[in-house]
Amino acid sequence: MFAYEKITNDLSRAKRFFENIVSFTVGPFTLEDMIKHRLDSINIIDVRDYDDYIEGHLPYAIHFPFKEIEEHLNMLEKSKVNILYTYSDSCTKAYNAALKLLENNFPSVVLRGGYKEWKKHDLDIIKNT
């Protein structure tokens, strides 16, 4: 028996896992809608490197490089949900940054697919050239 067969047969564990993915991540189209209708209740945080942020980032995104995330906590409000993103799902910086924010009682979720997924759907990009 493959390890995945054993894990996937634990249906209640799998259900909790997928509920968490849905609860603690947001997709690009949902975020686009939040930007249009609920911008005052969110912070969009880009944790990528500075050069990548300048080349293009999501509208209203603030840049807090992953290595400096804790230095910027005083700029956030605990009443807003922080939506973090990085390059793609293969990069874990956004998840690790969300953990740091959550450890400091800041509500946080991650953009599924990151910048790559946002750009793939041809959603608005801001460039600082």
# chains A, B, ... in the order shown; residues from 1 in each chain; ligands from 1

call {"tool": "select_by_dssp", "arguments": {"residues": "region 54-126 of chain A", "states": "helix (DSSP H, G or I)", "output": "VMD selection string"}}
result
chain A and resid 54 to 55 66 to 75 93 to 103 114 to 120

call {"tool": "write_last_selection", "arguments": {"atoms": "N, CA, C and O atoms", "output": "compact mmCIF listing (two decimals), in the first residue's frame"}}
result
# COMPACT_ATOMS: atom_id res chain seq x y z
N ILE A 54 8.77 45.64 -7.60
CA ILE A 54 8.84 46.80 -8.49
C ILE A 54 8.43 46.43 -9.92
O ILE A 54 7.75 47.19 -10.59
N GLU A 55 8.83 45.25 -10.37
CA GLU A 55 8.50 44.81 -11.73
C GLU A 55 7.00 44.62 -11.92
O GLU A 55 6.49 44.74 -13.03
N PHE A 66 9.78 39.12 3.03
CA PHE A 66 9.61 38.04 3.98
C PHE A 66 10.58 38.17 5.17
O PHE A 66 10.18 38.03 6.32
N LYS A 67 11.83 38.45 4.89
CA LYS A 67 12.84 38.51 5.95
C LYS A 67 12.58 39.66 6.93
O LYS A 67 13.11 39.67 8.03
N GLU A 68 11.77 40.63 6.52
CA GLU A 68 11.53 41.82 7.35
C GLU A 68 10.10 41.89 7.88
O GLU A 68 9.70 42.91 8.44
N ILE A 69 9.34 40.83 7.73
CA ILE A 69 7.90 40.89 8.05
C ILE A 69 7.64 41.35 9.48
O ILE A 69 6.77 42.17 9.72
N GLU A 70 8.42 40.86 10.43
CA GLU A 70 8.18 41.22 11.83
C GLU A 70 8.49 42.69 12.11
O GLU A 70 7.92 43.28 13.02
N GLU A 71 9.36 43.29 11.32
CA GLU A 71 9.70 44.70 11.48
C GLU A 71 8.55 45.61 11.08
O GLU A 71 8.53 46.79 11.43
N HIS A 72 7.59 45.10 10.34
CA HIS A 72 6.49 45.91 9.81
C HIS A 72 5.17 45.71 10.56
O HIS A 72 4.16 46.28 10.17
N LEU A 73 5.17 44.92 11.59
CA LEU A 73 3.92 44.62 12.31
C LEU A 73 3.23 45.88 12.82
O LEU A 73 2.00 45.95 12.84
N ASN A 74 4.01 46.87 13.20
CA ASN A 74 3.41 48.11 13.72
C ASN A 74 2.63 48.89 12.66
O ASN A 74 1.89 49.81 12.99
N MET A 75 2.75 48.51 11.41
CA MET A 75 2.03 49.18 10.33
C MET A 75 0.69 48.52 10.02
O MET A 75 -0.06 49.00 9.18
N LYS A 93 7.06 31.23 1.23
CA LYS A 93 7.26 32.48 1.99
C LYS A 93 5.94 33.07 2.50
O LYS A 93 5.88 33.56 3.62
N ALA A 94 4.90 33.05 1.71
CA ALA A 94 3.62 33.62 2.14
C ALA A 94 3.04 32.84 3.30
O ALA A 94 2.50 33.42 4.24
N TYR A 95 3.14 31.52 3.25
CA TYR A 95 2.63 30.69 4.35
C TYR A 95 3.42 30.94 5.63
O TYR A 95 2.85 31.07 6.71
N ASN A 96 4.74 31.03 5.51
CA ASN A 96 5.58 31.30 6.68
C ASN A 96 5.35 32.70 7.22
O ASN A 96 5.35 32.91 8.44
N ALA A 97 5.13 33.67 6.34
CA ALA A 97 4.82 35.02 6.79
C ALA A 97 3.47 35.05 7.49
O ALA A 97 3.30 35.72 8.52
N ALA A 98 2.50 34.31 6.97
CA ALA A 98 1.18 34.23 7.62
C ALA A 98 1.32 33.66 9.02
O ALA A 98 0.68 34.14 9.96
N LEU A 99 2.15 32.65 9.18
CA LEU A 99 2.38 32.09 10.51
C LEU A 99 2.95 33.13 11.46
O LEU A 99 2.52 33.23 12.61
N LYS A 100 3.90 33.93 10.98
CA LYS A 100 4.48 34.98 11.83
C LYS A 100 3.41 36.00 12.24
O LYS A 100 3.38 36.44 13.38
N LEU A 101 2.55 36.37 11.30
CA LEU A 101 1.49 37.33 11.63
C LEU A 101 0.50 36.72 12.61
O LEU A 101 0.08 37.37 13.57
N LEU A 102 0.13 35.48 12.37
CA LEU A 102 -0.83 34.81 13.26
C LEU A 102 -0.27 34.66 14.67
O LEU A 102 -1.00 34.81 15.65
N GLU A 103 1.03 34.42 14.78
CA GLU A 103 1.66 34.32 16.10
C GLU A 103 1.55 35.64 16.86
O GLU A 103 1.61 35.68 18.09
N GLY A 114 -0.43 32.56 -5.70
CA GLY A 114 0.44 33.73 -5.64
C GLY A 114 0.34 34.64 -6.85
O GLY A 114 -0.65 34.66 -7.58
N TYR A 115 1.41 35.39 -7.04
CA TYR A 115 1.48 36.37 -8.13
C TYR A 115 1.32 35.68 -9.49
O TYR A 115 0.66 36.21 -10.38
N LYS A 116 1.91 34.52 -9.62
CA LYS A 116 1.86 33.79 -10.89
C LYS A 116 0.41 33.50 -11.29
O LYS A 116 0.03 33.68 -12.44
N GLU A 117 -0.40 33.05 -10.33
CA GLU A 117 -1.80 32.73 -10.62
C GLU A 117 -2.60 33.99 -10.93
O GLU A 117 -3.44 34.01 -11.82
N TRP A 118 -2.33 35.06 -10.19
CA TRP A 118 -3.00 36.35 -10.42
C TRP A 118 -2.73 36.81 -11.85
O TRP A 118 -3.64 37.18 -12.60
N LYS A 119 -1.47 36.78 -12.24
CA LYS A 119 -1.05 37.24 -13.56
C LYS A 119 -1.60 36.33 -14.66
O LYS A 119 -1.97 36.80 -15.73
N LYS A 120 -1.67 35.04 -14.40
CA LYS A 120 -2.19 34.06 -15.37
C LYS A 120 -3.60 34.42 -15.81
O LYS A 120 -3.98 34.20 -16.95

call {"tool": "select_by_dssp", "arguments": {"residues": "region 45-79 of chain A", "states": "strand (DSSP E)", "output": "ChimeraX atom specification"}}
result
/A:45-46,61-63

call {"tool": "write_last_selection", "arguments": {"atoms": "C-alpha atoms", "output": "PDB file, in the first residue's frame"}}
result
ATOM      1  CA  ILE A  45       0.998  42.059   1.468  1.00  0.00           C
ATOM      2  CA  ASP A  46       3.628  41.117  -1.103  1.00  0.00           C
ATOM      3  CA  ALA A  61      -0.260  45.666  -2.279  1.00  0.00           C
ATOM      4  CA  ILE A  62       2.244  46.809   0.291  1.00  0.00           C
ATOM      5  CA  HIS A  63       5.730  45.371   0.207  1.00  0.00           C
TER       6      HIS A  63
END

call {"tool": "atom_distance", "arguments": {"atom1": "CA of Val47 (chain A)", "atom2": "CA of Asn20 (chain A)"}}
result
21.6 Å

call {"tool": "atom_distance", "arguments": {"atom1": "CA of His57 (chain A)", "atom2": "CA of Lys127 (chain A)"}}
result
6.6 Å

call {"tool": "residues_around", "arguments": {"residues": "Ile83 (chain A)", "least_positions_apart": "4", "cutoff": "10 Å", "atoms": "only C-alpha atoms", "output": "PyMOL selection string"}}
result
chain A and resi 24-26+31+42-46+61+94+98+107-111

call {"tool": "closest_residue", "arguments": {"among": "A:Asp40, A:Asp89, A:Glu19, A:Glu32", "to": "Arg112 (chain A)", "atoms": "only C-alpha atoms"}}
result
A:Asp89

call {"tool": "closest_residue", "arguments": {"among": "A:His121, A:Asn104, A:Tyr60, A:Arg48", "to": "Tyr85 (chain A)", "atoms": "only C-alpha atoms"}}
result
A:Arg48
